[in-house]
file input_19.txt (compact mmCIF, C-alpha atoms)
# COMPACT_ATOMS: atom_id res chain seq x y z
CA MET U 1 15.27 -30.41 1.82
CA ASP U 2 15.15 -26.64 1.44
CA THR U 3 13.94 -24.67 4.45
CA ILE U 4 12.77 -21.06 4.38
CA ILE U 5 13.37 -19.32 7.70
CA THR U 6 10.85 -16.52 8.16
CA ILE U 7 11.59 -13.99 10.88
CA SER U 8 8.87 -11.78 12.36
CA ARG U 9 9.99 -9.36 15.06
CA GLN U 10 8.89 -6.73 17.50
CA PHE U 11 10.32 -3.32 16.61
CA GLY U 12 13.73 -2.84 18.21
CA SER U 13 14.21 -6.52 19.10
CA GLY U 14 17.13 -6.96 16.71
CA GLY U 15 15.33 -9.40 14.38
CA ARG U 16 16.97 -7.94 11.30
CA VAL U 17 20.55 -8.25 12.55
CA ILE U 18 19.80 -11.75 13.87
CA GLY U 19 18.55 -12.69 10.39
CA LYS U 20 21.67 -11.27 8.71
CA LYS U 21 24.10 -13.02 11.07
CA LEU U 22 22.20 -16.28 10.79
CA ALA U 23 22.27 -16.10 6.99
CA GLU U 24 26.05 -15.64 7.08
CA LYS U 25 26.45 -18.54 9.52
CA LEU U 26 24.28 -20.90 7.48
CA GLY U 27 25.61 -19.65 4.13
CA ILE U 28 22.14 -18.96 2.71
CA PRO U 29 20.68 -15.76 1.22
CA TYR U 30 18.98 -13.10 3.34
CA TYR U 31 15.99 -11.13 2.02
CA ASP U 32 14.57 -7.97 3.49
CA LYS U 33 14.71 -4.80 1.41
CA GLU U 34 15.55 -7.03 -1.59
CA ILE U 35 11.90 -8.08 -1.61
CA ILE U 36 10.99 -4.49 -2.44
CA ASP U 37 13.24 -4.54 -5.54
CA LYS U 38 11.59 -7.70 -6.73
CA ALA U 39 8.09 -6.44 -5.94
CA ALA U 40 8.87 -3.26 -7.92
CA GLU U 41 9.84 -5.38 -10.92
CA VAL U 42 6.61 -7.40 -10.73
CA SER U 43 4.22 -4.50 -10.12
CA GLY U 44 5.78 -1.62 -12.01
CA PHE U 45 5.54 0.56 -8.83
CA ALA U 46 8.59 2.63 -7.95
CA LYS U 47 10.75 1.10 -5.19
CA GLU U 48 10.37 4.24 -3.11
CA PHE U 49 6.59 4.07 -3.37
CA ILE U 50 6.54 0.45 -2.17
CA GLU U 51 9.02 1.16 0.61
CA GLY U 52 7.00 4.10 1.87
CA ASN U 53 3.66 2.34 1.87
CA GLU U 54 4.11 -1.40 2.16
CA GLN U 55 2.80 -1.65 5.71
CA LYS U 56 0.60 1.40 6.07
CA MET U 57 -2.60 -0.54 6.19
CA LYS U 58 -5.89 1.16 7.03
CA GLY U 59 -6.14 3.97 9.49
CA VAL U 60 -2.51 5.03 9.55
CA SER U 61 -2.74 8.66 8.58
CA GLY U 62 -0.09 10.61 6.80
CA PHE U 63 0.29 8.83 3.51
CA ALA U 64 -2.09 10.96 1.43
CA PHE U 65 -0.55 14.14 2.72
CA THR U 66 3.13 13.29 2.59
CA SER U 67 3.28 11.51 -0.76
CA SER U 68 4.66 13.75 -3.45
CA VAL U 69 3.86 11.20 -6.14
CA TYR U 70 0.10 10.99 -5.83
CA SER U 71 -2.46 13.48 -4.63
CA GLY U 72 -6.16 14.28 -4.86
CA SER U 73 -7.84 10.94 -5.48
CA VAL U 74 -5.17 8.99 -3.65
CA TRP U 75 -7.20 8.45 -0.52
CA SER U 76 -9.98 6.61 -2.32
CA ASN U 77 -7.46 4.47 -4.20
CA MET U 78 -5.42 3.72 -1.09
CA GLU U 79 -6.72 0.26 -0.35
CA ASN U 80 -6.30 -0.72 -3.94
CA PHE U 81 -2.64 0.42 -3.99
CA GLU U 82 -1.95 -1.34 -0.72
CA ALA U 83 -3.51 -4.56 -1.94
CA LYS U 84 -1.43 -4.33 -5.13
CA ILE U 85 1.75 -3.78 -3.12
CA PHE U 86 0.91 -6.78 -0.94
CA ALA U 87 0.17 -8.93 -4.00
CA ALA U 88 3.48 -7.90 -5.59
CA GLU U 89 5.42 -8.70 -2.41
CA MET U 90 3.58 -12.02 -2.18
CA GLU U 91 4.65 -12.90 -5.71
CA ALA U 92 8.22 -11.81 -4.93
CA ILE U 93 8.33 -13.96 -1.77
CA GLU U 94 6.90 -17.02 -3.50
CA SER U 95 9.43 -16.65 -6.29
CA ILE U 96 12.35 -16.22 -3.84
CA ALA U 97 11.26 -19.32 -1.87
CA LYS U 98 11.51 -21.43 -5.02
CA ASN U 99 15.26 -20.76 -5.23
CA GLY U 100 16.10 -22.80 -2.10
CA SER U 101 16.84 -22.28 1.59
CA CYS U 102 16.95 -18.62 2.65
CA ILE U 103 15.92 -16.16 5.34
CA ILE U 104 13.04 -13.73 4.83
CA VAL U 105 12.38 -10.94 7.33
CA GLY U 106 8.87 -9.59 7.87
CA ARG U 107 6.15 -9.07 5.24
CA CYS U 108 3.84 -11.88 6.46
CA ALA U 109 6.16 -14.44 4.81
CA ASP U 110 5.12 -17.08 7.36
CA PHE U 111 1.52 -16.73 6.18
CA ILE U 112 2.32 -16.33 2.47
CA LEU U 113 4.41 -19.54 2.38
CA LYS U 114 2.10 -21.62 4.59
CA ASN U 115 1.59 -25.10 3.10
CA LYS U 116 3.66 -24.09 0.07
CA CYS U 117 7.12 -25.01 1.28
CA ASN U 118 9.07 -26.18 4.31
CA CYS U 119 9.28 -23.21 6.69
CA LEU U 120 10.80 -22.46 10.07
CA ASN U 121 8.72 -19.55 11.38
CA VAL U 122 10.49 -17.51 14.05
CA PHE U 123 9.24 -14.62 16.19
CA ILE U 124 11.73 -12.37 17.99
CA HIS U 125 10.54 -10.35 20.96
CA SER U 126 12.02 -8.51 23.91
CA SER U 127 10.85 -6.41 26.86
CA LYS U 128 10.00 -2.77 26.16
CA GLN U 129 12.89 -1.68 28.38
CA ASN U 130 15.42 -3.77 26.44
CA ARG U 131 14.10 -2.51 23.14
CA VAL U 132 14.23 1.11 24.23
CA ASN U 133 17.85 0.65 25.33
CA ARG U 134 18.77 -1.10 22.09
CA ILE U 135 17.17 1.58 19.88
CA LEU U 136 18.78 4.42 21.84
CA ASP U 137 22.11 2.65 21.44
CA VAL U 138 21.92 1.49 17.82
CA TYR U 139 20.08 4.43 16.27
CA LYS U 140 21.76 7.08 18.45
CA MET U 141 18.47 8.63 19.50
CA GLU U 142 20.19 10.67 22.17
CA GLY U 143 18.38 9.47 25.20
CA ASP U 144 14.90 10.45 24.13
CA VAL U 145 13.14 7.63 26.00
CA LYS U 146 9.57 8.88 25.66
CA LYS U 147 9.93 9.34 21.90
CA THR U 148 11.44 5.87 21.57
CA GLU U 149 8.66 4.26 23.61
CA LYS U 150 6.09 5.93 21.36
CA LEU U 151 7.96 4.76 18.24
CA ILE U 152 7.99 1.16 19.53
CA LYS U 153 4.28 1.29 20.31
CA ASP U 154 3.37 2.77 16.92
CA MET U 155 5.57 0.40 14.90
CA ASP U 156 4.31 -2.72 16.68
CA LYS U 157 0.73 -1.53 16.29
CA GLN U 158 1.31 -1.00 12.57
CA ARG U 159 2.85 -4.46 12.14
CA ALA U 160 0.07 -6.13 14.11
CA ARG U 161 -2.64 -4.34 12.10
CA HIS U 162 -0.97 -5.16 8.78
CA TYR U 163 -0.60 -8.83 9.75
CA LYS U 164 -4.20 -9.07 11.00
CA TYR U 165 -5.61 -7.45 7.88
CA TYR U 166 -3.92 -9.83 5.46
CA THR U 167 -3.76 -13.05 7.46
CA ASP U 168 -6.82 -12.74 9.74
CA SER U 169 -4.54 -14.02 12.49
CA ASP U 170 -2.71 -12.37 15.39
CA TRP U 171 0.86 -11.12 14.98
CA GLY U 172 2.95 -12.43 17.85
CA ASP U 173 0.48 -15.22 18.72
CA VAL U 174 2.69 -18.09 19.87
CA SER U 175 0.81 -20.65 17.76
CA ASN U 176 1.76 -18.91 14.50
CA TYR U 177 5.48 -19.60 15.01
CA HIS U 178 7.59 -22.70 15.49
CA LEU U 179 10.03 -20.80 17.66
CA SER U 180 9.69 -17.57 19.67
CA LEU U 181 12.71 -16.02 21.31
CA ASP U 182 13.49 -13.24 23.77
CA SER U 183 16.49 -11.48 22.25
CA GLY U 184 17.02 -9.40 25.41
CA GLU U 185 17.66 -12.61 27.31
CA PHE U 186 19.84 -14.53 24.83
CA GLY U 187 21.50 -11.63 23.01
CA ILE U 188 21.92 -11.43 19.22
CA ASP U 189 24.51 -14.23 18.98
CA GLY U 190 22.57 -16.45 21.40
CA CYS U 191 19.47 -16.13 19.21
CA VAL U 192 21.51 -16.96 16.10
CA ASP U 193 22.82 -20.14 17.80
CA ILE U 194 19.36 -21.22 18.99
CA ILE U 195 17.69 -20.68 15.60
CA GLU U 196 20.55 -22.57 13.91
CA LYS U 197 19.91 -25.48 16.30
CA ALA U 198 16.18 -25.39 15.46
CA TYR U 199 17.00 -25.29 11.72
CA LEU U 200 19.18 -28.37 12.13
CA ALA U 201 16.48 -30.13 14.25
CA MET U 202 13.97 -29.57 11.43
CA LYS U 203 16.37 -30.99 8.85
CA LYS U 204 16.60 -34.27 10.77
CA MET Z 1 25.26 -19.28 38.03
CA ASP Z 2 22.30 -21.50 38.80
CA THR Z 3 19.46 -21.45 36.30
CA ILE Z 4 15.94 -22.72 36.93
CA ILE Z 5 14.26 -23.92 33.75
CA THR Z 6 10.48 -23.56 34.07
CA ILE Z 7 8.39 -25.42 31.52
CA SER Z 8 4.78 -24.46 30.82
CA ARG Z 9 3.00 -26.55 28.22
CA GLN Z 10 -0.20 -27.03 26.31
CA PHE Z 11 -1.90 -30.30 27.22
CA GLY Z 12 -0.61 -33.13 25.03
CA SER Z 13 2.40 -31.20 23.70
CA GLY Z 14 4.91 -33.48 25.44
CA GLY Z 15 6.24 -30.81 27.83
CA ARG Z 16 6.64 -33.29 30.67
CA VAL Z 17 8.72 -35.82 28.72
CA ILE Z 18 10.79 -32.98 27.23
CA GLY Z 19 11.49 -31.76 30.78
CA LYS Z 20 12.51 -35.23 31.95
CA LYS Z 21 14.83 -35.89 29.00
CA LEU Z 22 16.37 -32.43 29.33
CA ALA Z 23 17.01 -32.96 33.05
CA GLU Z 24 18.81 -36.24 32.26
CA LYS Z 25 20.87 -34.56 29.53
CA LEU Z 26 21.87 -31.62 31.72
CA GLY Z 27 22.29 -33.75 34.84
CA ILE Z 28 20.02 -31.56 36.95
CA PRO Z 29 16.92 -32.48 39.02
CA TYR Z 30 13.44 -32.54 37.54
CA TYR Z 31 10.40 -31.48 39.59
CA ASP Z 32 6.79 -32.10 38.73
CA LYS Z 33 4.77 -34.33 41.05
CA GLU Z 34 7.59 -33.96 43.61
CA ILE Z 35 6.32 -30.42 44.22
CA ILE Z 36 3.12 -31.95 45.57
CA ASP Z 37 5.09 -34.00 48.14
CA LYS Z 38 6.86 -30.88 49.30
CA ALA Z 39 3.66 -28.80 49.37
CA ALA Z 40 2.00 -31.53 51.45
CA GLU Z 41 4.84 -31.29 53.98
CA VAL Z 42 4.53 -27.52 54.21
CA SER Z 43 0.74 -27.31 54.39
CA GLY Z 44 -0.28 -30.47 56.20
CA PHE Z 45 -2.76 -31.29 53.39
CA ALA Z 46 -2.81 -34.86 52.12
CA LYS Z 47 -0.89 -35.38 48.85
CA GLU Z 48 -4.01 -36.78 47.20
CA PHE Z 49 -5.99 -33.70 48.19
CA ILE Z 50 -3.41 -31.38 46.67
CA GLU Z 51 -3.08 -33.49 43.53
CA GLY Z 52 -6.83 -33.56 43.00
CA ASN Z 53 -7.38 -29.85 43.47
CA GLU Z 54 -4.22 -27.93 42.71
CA GLN Z 55 -5.44 -26.37 39.47
CA LYS Z 56 -9.19 -26.41 39.89
CA MET Z 57 -9.55 -22.70 40.21
CA LYS Z 58 -12.94 -21.00 40.16
CA GLY Z 59 -15.77 -22.20 38.02
CA VAL Z 60 -14.51 -25.70 37.35
CA SER Z 61 -17.35 -27.81 38.61
CA GLY Z 62 -17.01 -31.27 40.01
CA PHE Z 63 -14.74 -30.79 43.00
CA ALA Z 64 -17.39 -30.43 45.68
CA PHE Z 65 -19.29 -33.40 44.39
CA THR Z 66 -16.46 -35.83 43.71
CA SER Z 67 -14.35 -35.22 46.82
CA SER Z 68 -14.85 -37.98 49.34
CA VAL Z 69 -12.78 -36.15 51.93
CA TYR Z 70 -14.83 -33.01 52.38
CA SER Z 71 -18.52 -32.32 51.96
CA GLY Z 72 -21.23 -29.90 53.02
CA SER Z 73 -19.38 -26.66 53.71
CA VAL Z 74 -16.65 -27.39 51.20
CA TRP Z 75 -18.02 -25.13 48.49
CA SER Z 76 -17.86 -22.01 50.64
CA ASN Z 77 -14.33 -22.88 51.78
CA MET Z 78 -13.16 -23.75 48.27
CA GLU Z 79 -11.31 -20.57 47.45
CA ASN Z 80 -9.58 -20.68 50.79
CA PHE Z 81 -8.35 -24.24 50.26
CA GLU Z 82 -7.21 -23.44 46.73
CA ALA Z 83 -5.33 -20.38 47.89
CA LYS Z 84 -3.67 -22.46 50.62
CA ILE Z 85 -2.66 -25.13 48.10
CA PHE Z 86 -1.22 -22.44 45.83
CA ALA Z 87 0.65 -20.85 48.76
CA ALA Z 88 2.07 -24.25 49.76
CA GLU Z 89 3.22 -25.00 46.21
CA MET Z 90 4.72 -21.52 46.02
CA GLU Z 91 6.74 -22.16 49.16
CA ALA Z 92 7.80 -25.57 47.82
CA ILE Z 93 8.93 -24.06 44.49
CA GLU Z 94 10.86 -21.23 46.16
CA SER Z 95 12.57 -23.74 48.42
CA ILE Z 96 13.47 -26.09 45.51
CA ALA Z 97 14.89 -23.17 43.50
CA LYS Z 98 17.32 -22.38 46.31
CA ASN Z 99 19.01 -25.77 45.85
CA GLY Z 100 20.51 -24.91 42.46
CA SER Z 101 19.80 -25.47 38.76
CA CYS Z 102 16.76 -27.65 38.05
CA ILE Z 103 13.70 -28.07 35.88
CA ILE Z 104 10.20 -27.29 37.17
CA VAL Z 105 7.13 -28.23 35.14
CA GLY Z 106 3.90 -26.20 35.42
CA ARG Z 107 2.44 -24.62 38.56
CA CYS Z 108 3.08 -20.97 37.53
CA ALA Z 109 6.76 -21.44 38.45
CA ASP Z 110 7.78 -18.75 35.90
CA PHE Z 111 5.62 -16.24 37.79
CA ILE Z 112 6.50 -17.47 41.30
CA LEU Z 113 10.25 -17.19 40.66
CA LYS Z 114 10.14 -13.89 38.75
CA ASN Z 115 12.88 -11.54 39.96
CA LYS Z 116 13.89 -14.09 42.63
CA CYS Z 117 16.40 -16.15 40.67
CA ASN Z 118 17.85 -16.69 37.22
CA CYS Z 119 15.15 -18.42 35.15
CA LEU Z 120 14.80 -19.75 31.64
CA ASN Z 121 11.03 -19.74 31.05
CA VAL Z 122 9.92 -22.12 28.30
CA PHE Z 123 6.50 -22.67 26.72
CA ILE Z 124 5.81 -25.84 24.71
CA HIS Z 125 2.95 -25.82 22.23
CA SER Z 126 1.78 -27.80 19.25
CA SER Z 127 -1.14 -27.86 16.81
CA LYS Z 128 -4.37 -29.46 18.00
CA GLN Z 129 -4.00 -32.19 15.38
CA ASN Z 130 -0.50 -33.11 16.58
CA ARG Z 131 -1.62 -33.14 20.21
CA VAL Z 132 -4.62 -35.34 19.47
CA ASN Z 133 -2.37 -37.81 17.63
CA ARG Z 134 0.17 -37.80 20.46
CA ILE Z 135 -2.44 -38.37 23.19
CA LEU Z 136 -4.14 -41.16 21.24
CA ASP Z 137 -0.74 -42.77 20.80
CA VAL Z 138 0.78 -42.29 24.26
CA TYR Z 139 -2.33 -42.74 26.41
CA LYS Z 140 -3.86 -45.46 24.21
CA MET Z 141 -7.21 -43.69 23.98
CA GLU Z 142 -8.31 -46.03 21.23
CA GLY Z 143 -9.03 -43.56 18.49
CA ASP Z 144 -11.60 -41.49 20.35
CA VAL Z 145 -10.75 -38.23 18.58
CA LYS Z 146 -13.76 -36.17 19.73
CA LYS Z 147 -13.17 -37.10 23.39
CA THR Z 148 -9.48 -36.25 23.06
CA GLU Z 149 -10.22 -32.88 21.45
CA LYS Z 150 -12.58 -32.06 24.33
CA LEU Z 151 -9.98 -33.14 26.90
CA ILE Z 152 -7.36 -30.87 25.27
CA LYS Z 153 -9.77 -27.94 25.23
CA ASP Z 154 -10.80 -28.45 28.87
CA MET Z 155 -7.27 -28.94 30.18
CA ASP Z 156 -5.88 -25.90 28.37
CA LYS Z 157 -8.82 -23.81 29.57
CA GLN Z 158 -8.16 -24.94 33.16
CA ARG Z 159 -4.45 -24.12 32.94
CA ALA Z 160 -5.14 -20.72 31.38
CA ARG Z 161 -7.73 -19.84 34.05
CA HIS Z 162 -5.47 -20.97 36.89
CA TYR Z 163 -2.54 -18.96 35.50
CA LYS Z 164 -4.69 -15.86 34.93
CA TYR Z 165 -6.16 -16.02 38.43
CA TYR Z 166 -2.82 -16.16 40.23
CA THR Z 167 -0.57 -14.16 37.91
CA ASP Z 168 -3.03 -11.69 36.32
CA SER Z 169 -1.24 -12.48 33.08
CA ASP Z 170 -2.04 -14.63 30.04
CA TRP Z 171 -0.90 -18.25 29.88
CA GLY Z 172 0.80 -18.84 26.53
CA ASP Z 173 1.39 -15.13 25.89
CA VAL Z 174 4.73 -15.02 24.06
CA SER Z 175 6.07 -12.20 26.24
CA ASN Z 176 5.88 -14.34 29.42
CA TYR Z 177 8.49 -16.81 28.12
CA HIS Z 178 12.07 -16.55 26.94
CA LEU Z 179 11.57 -19.42 24.53
CA SER Z 180 8.43 -20.90 22.96
CA LEU Z 181 8.64 -24.07 20.91
CA ASP Z 182 6.40 -26.13 18.63
CA SER Z 183 7.05 -29.72 19.70
CA GLY Z 184 5.09 -31.07 16.72
CA GLU Z 185 7.64 -29.46 14.44
CA PHE Z 186 10.89 -30.27 16.24
CA GLY Z 187 9.92 -33.52 17.99
CA ILE Z 188 10.73 -34.32 21.62
CA ASP Z 189 14.50 -34.72 21.09
CA GLY Z 190 14.66 -31.62 18.87
CA CYS Z 191 13.03 -29.56 21.66
CA VAL Z 192 15.48 -30.98 24.21
CA ASP Z 193 18.42 -29.93 21.98
CA ILE Z 194 17.04 -26.43 21.38
CA ILE Z 195 16.30 -25.74 25.08
CA GLU Z 196 19.78 -27.03 25.98
CA LYS Z 197 21.26 -24.55 23.49
CA ALA Z 198 19.18 -21.74 25.05
CA TYR Z 199 20.30 -22.79 28.54
CA LEU Z 200 23.93 -22.61 27.43
CA ALA Z 201 23.35 -19.24 25.72
CA MET Z 202 22.00 -17.85 29.01
CA LYS Z 203 25.01 -19.13 30.92
CA LYS Z 204 27.39 -17.15 28.67
call {"tool": "encode", "arguments": {"input": "input_19.txt", "output": "structure tokens"}}
result
Amino acid sequence: MDTIITISRQFGSGGRVIGKKLAEKLGIPYYDKEIIDKAAEVSGFAKEFIEGNEQKMKGVSGFAFTSSVYSGSVWSNMENFEAKIFAAEMEAIESIAKNGSCIIVGRCADFILKNKCNCLNVFIHSSKQNRVNRILDVYKMEGDVKKTEKLIKDMDKQRARHYKYYTDSDWGDVSNYHLSLDSGEFGIDGCVDIIEKAYLAMKK
Amino acid sequence: MDTIITISRQFGSGGRVIGKKLAEKLGIPYYDKEIIDKAAEVSGFAKEFIEGNEQKMKGVSGFAFTSSVYSGSVWSNMENFEAKIFAAEMEAIESIAKNGSCIIVGRCADFILKNKCNCLNVFIHSSKQNRVNRILDVYKMEGDVKKTEKLIKDMDKQRARHYKYYTDSDWGDVSNYHLSLDSGEFGIDGCVDIIEKAYLAMKK
């Protein structure tokens, strides 16, 4: 039976690289930015527009003033655009899931695919300290700890708000996931091994 | 390096049987009710007294009226007794952890051992429906679904309150555990396999 592994993750926890490595190990496709391409096809929106706005739900300022594509009436149409982007990504995710086992990172895929196919919903988290260290290391942020802490806080807040708005459920609530893992404790490869084991346990 | 696996679990999720099977598989001791024996030794309280009152923290009625051991002034001394029971269990858990790798179920062991030894903190959960079915099956409650649902609600509430009171943290909050698992999804043996994998990943 096909199984869709959805990965939700705290910012800086390494969820994306865990997803990629796991996909290689299991020999199944990995979808992250690819969902944007597909959503662009479905909606007619430019990829860049989707990428820049896909999770900027309600109350995150900046969009109306930084977008060079739309101006003037954009603020009043905001919710409409956002809902259209979400609908397009939803269609893209549902279509991807029909093609067989795969890994999908982010974008409320756990909620979108609920009761529609066999899913293994995973949440990756890690302590703030571990995430700060990982971001400073991976993204070469030159030791700016305060800036990194603020980035983590803002990104997690944005993800939580986006998830809550569309699913009416809490992002990171243990009951929304079959498996939640501390990547700071197990490391990237440890997480890959554990999720693989869970994937095999579900197949039984 | 020794690793203490602490297992916290929603009522009816099978956390206890998972702990027992895992202990057999790993060949390490399993502690649950045995903590009560040790706490009785340390505190001088009777085992039955500890067992009957170890998690009845604040606002759970019934204790003062059902206890046949103490009466009259018991209500005013309640908090004191409860704190002493907790302190005795804490001492018992710290002493057990010094003897090497083992599995400890419940009793805020994840909090008690924090920063004192190498721990793998696990939380076992499952949907209400799965837990009702499991309890009806295992405890032969003869199809009384409403009663079982109430029991689940009351027991989880009691565990959450007890944990909050002593740890000032939220029971079942994903960030308090290295690994959280849905036993309804993976089954008892699936959970045992996954926790074993996590245990091995931590040893690396």
call {"tool": "residues_around", "arguments": {"input": "input_19.txt", "residues": "segment 16-25 of chain Z", "least_positions_apart": "2", "cutoff": "7 Å", "atoms": "all atoms listed in the file", "output": "VMD selection string"}}
result
chain Z and resid 14 27 to 30 103 105 188 191 to 192
call {"tool": "interface_residues", "arguments": {"input": "input_19.txt", "of": "chain U", "to": "chain Z", "cutoff": "10 Å", "atoms": "all atoms listed in the file", "output": "VMD selection string"}}
result
chain U and resid 120 122 to 127 172 to 187 189 to 191 193 to 204
call {"tool": "write_last_selection", "arguments": {"input": "input_19.txt", "atoms": "C-alpha atoms", "output": "JSON list (two decimals), keeping the file's coordinate frame"}}
result
[["chain", "number", "residue", "atom", "x", "y", "z"],
["U", 120, "LEU", "CA", 10.80, -22.46, 10.07],
["U", 122, "VAL", "CA", 10.49, -17.51, 14.05],
["U", 123, "PHE", "CA", 9.24, -14.62, 16.19],
["U", 124, "ILE", "CA", 11.73, -12.37, 17.99],
["U", 125, "HIS", "CA", 10.54, -10.35, 20.96],
["U", 126, "SER", "CA", 12.02, -8.51, 23.91],
["U", 127, "SER", "CA", 10.85, -6.41, 26.86],
["U", 172, "GLY", "CA", 2.95, -12.43, 17.85],
["U", 173, "ASP", "CA", 0.48, -15.22, 18.72],
["U", 174, "VAL", "CA", 2.69, -18.09, 19.87],
["U", 175, "SER", "CA", 0.81, -20.65, 17.76],
["U", 176, "ASN", "CA", 1.76, -18.91, 14.50],
["U", 177, "TYR", "CA", 5.48, -19.60, 15.01],
["U", 178, "HIS", "CA", 7.59, -22.70, 15.49],
["U", 179, "LEU", "CA", 10.03, -20.80, 17.66],
["U", 180, "SER", "CA", 9.69, -17.57, 19.67],
["U", 181, "LEU", "CA", 12.71, -16.02, 21.31],
["U", 182, "ASP", "CA", 13.49, -13.24, 23.77],
["U", 183, "SER", "CA", 16.49, -11.48, 22.25],
["U", 184, "GLY", "CA", 17.02, -9.40, 25.41],
["U", 185, "GLU", "CA", 17.66, -12.61, 27.31],
["U", 186, "PHE", "CA", 19.84, -14.53, 24.83],
["U", 187, "GLY", "CA", 21.50, -11.63, 23.01],
["U", 189, "ASP", "CA", 24.51, -14.23, 18.98],
["U", 190, "GLY", "CA", 22.57, -16.45, 21.40],
["U", 191, "CYS", "CA", 19.47, -16.13, 19.21],
["U", 193, "ASP", "CA", 22.82, -20.14, 17.80],
["U", 194, "ILE", "CA", 19.36, -21.22, 18.99],
["U", 195, "ILE", "CA", 17.69, -20.68, 15.60],
["U", 196, "GLU", "CA", 20.55, -22.57, 13.91],
["U", 197, "LYS", "CA", 19.91, -25.48, 16.30],
["U", 198, "ALA", "CA", 16.18, -25.39, 15.46],
["U", 199, "TYR", "CA", 17.00, -25.29, 11.72],
["U", 200, "LEU", "CA", 19.18, -28.37, 12.13],
["U", 201, "ALA", "CA", 16.48, -30.13, 14.25],
["U", 202, "MET", "CA", 13.97, -29.57, 11.43],
["U", 203, "LYS", "CA", 16.37, -30.99, 8.85],
["U", 204, "LYS", "CA", 16.60, -34.27, 10.77]]
call {"tool": "residues_around", "arguments": {"input": "input_19.txt", "residues": "segment 43-45 of chain U", "least_positions_apart": "5", "cutoff": "8 Å", "atoms": "all atoms listed in the file", "output": "MDAnalysis selection string"}}
result
chainID U and resid 50 84:85 88
call {"tool": "atom_distance", "arguments": {"input": "input_19.txt", "atom1": "atom CA of Arg9 of chain U", "atom2": "atom CA of Lys146 of chain U"}}
result
21.1 Å
call {"tool": "atom_distance", "arguments": {"input": "input_19.txt", "atom1": "atom CA of Glu41 of chain U", "atom2": "atom CA of Glu82 of chain U"}}
result
16.1 Å
call {"tool": "atom_distance", "arguments": {"input": "input_19.txt", "atom1": "atom CA of Glu34 of chain U", "atom2": "atom CA of Asn99 of chain U"}}
result
14.2 Å
call {"tool": "axis_aligned_box", "arguments": {"input": "input_19.txt", "around": "segment 98-104 of chain Z", "padding_each_side": "4 Å", "output": "AutoDock Vina command-line options"}}
result
--center_x 15.4 --center_y -25.2 --center_z 41.1 --size_x 18.3 --size_y 13.7 --size_z 18.4
call {"tool": "residues_around", "arguments": {"input": "input_19.txt", "residues": "Met155 of chain Z", "least_positions_apart": "2", "cutoff": "12 Å", "atoms": "all atoms listed in the file", "output": "PyMOL selection string"}}
result
chain Z and resi 9-13+55-56+60+148-153+157-162
call {"tool": "closest_residue", "arguments": {"input": "input_19.txt", "among": "Z:Trp171, Z:Asn121, Z:Val145, Z:Glu94", "to": "Asn133 of chain Z", "atoms": "all atoms listed in the file"}}
result
Z:Val145
call {"tool": "residues_around", "arguments": {"input": "input_19.txt", "residues": "Phe86 of chain Z", "least_positions_apart": "6", "cutoff": "12 Å", "atoms": "only C-alpha atoms", "output": "short mmCIF file (atom, residue, chain, number, x, y, z; two decimals) with C-alpha atoms, in the coordinates of the input"}}
result
data_model
loop_
_atom_site.label_atom_id
_atom_site.label_comp_id
_atom_site.auth_asym_id
_atom_site.auth_seq_id
_atom_site.Cartn_x
_atom_site.Cartn_y
_atom_site.Cartn_z
CA ILE Z 35 6.32 -30.42 44.22
CA ILE Z 36 3.12 -31.95 45.57
CA ALA Z 39 3.66 -28.80 49.37
CA ALA Z 40 2.00 -31.53 51.45
CA VAL Z 42 4.53 -27.52 54.21
CA SER Z 43 0.74 -27.31 54.39
CA PHE Z 45 -2.76 -31.29 53.39
CA ILE Z 50 -3.41 -31.38 46.67
CA GLU Z 51 -3.08 -33.49 43.53
CA ASN Z 53 -7.38 -29.85 43.47
CA GLU Z 54 -4.22 -27.93 42.71
CA GLN Z 55 -5.44 -26.37 39.47
CA LYS Z 56 -9.19 -26.41 39.89
CA MET Z 57 -9.55 -22.70 40.21
CA GLU Z 79 -11.31 -20.57 47.45
CA ASN Z 80 -9.58 -20.68 50.79
CA ALA Z 92 7.80 -25.57 47.82
CA ILE Z 93 8.93 -24.06 44.49
CA ARG Z 107 2.44 -24.62 38.56
CA CYS Z 108 3.08 -20.97 37.53
CA ALA Z 109 6.76 -21.44 38.45
CA ILE Z 112 6.50 -17.47 41.30
CA HIS Z 162 -5.47 -20.97 36.89
CA TYR Z 163 -2.54 -18.96 35.50
CA TYR Z 165 -6.16 -16.02 38.43
CA TYR Z 166 -2.82 -16.16 40.23
CA THR Z 167 -0.57 -14.16 37.91
#
call {"tool": "residues_around", "arguments": {"input": "input_19.txt", "residues": "Cys117 of chain Z", "least_positions_apart": "6", "cutoff": "10 Å", "atoms": "only C-alpha atoms", "output": "list in words"}}
result
Met1, Asp2, Thr3, Ile4, Glu94, Ala97, Lys98 and Gly100 of chain Z
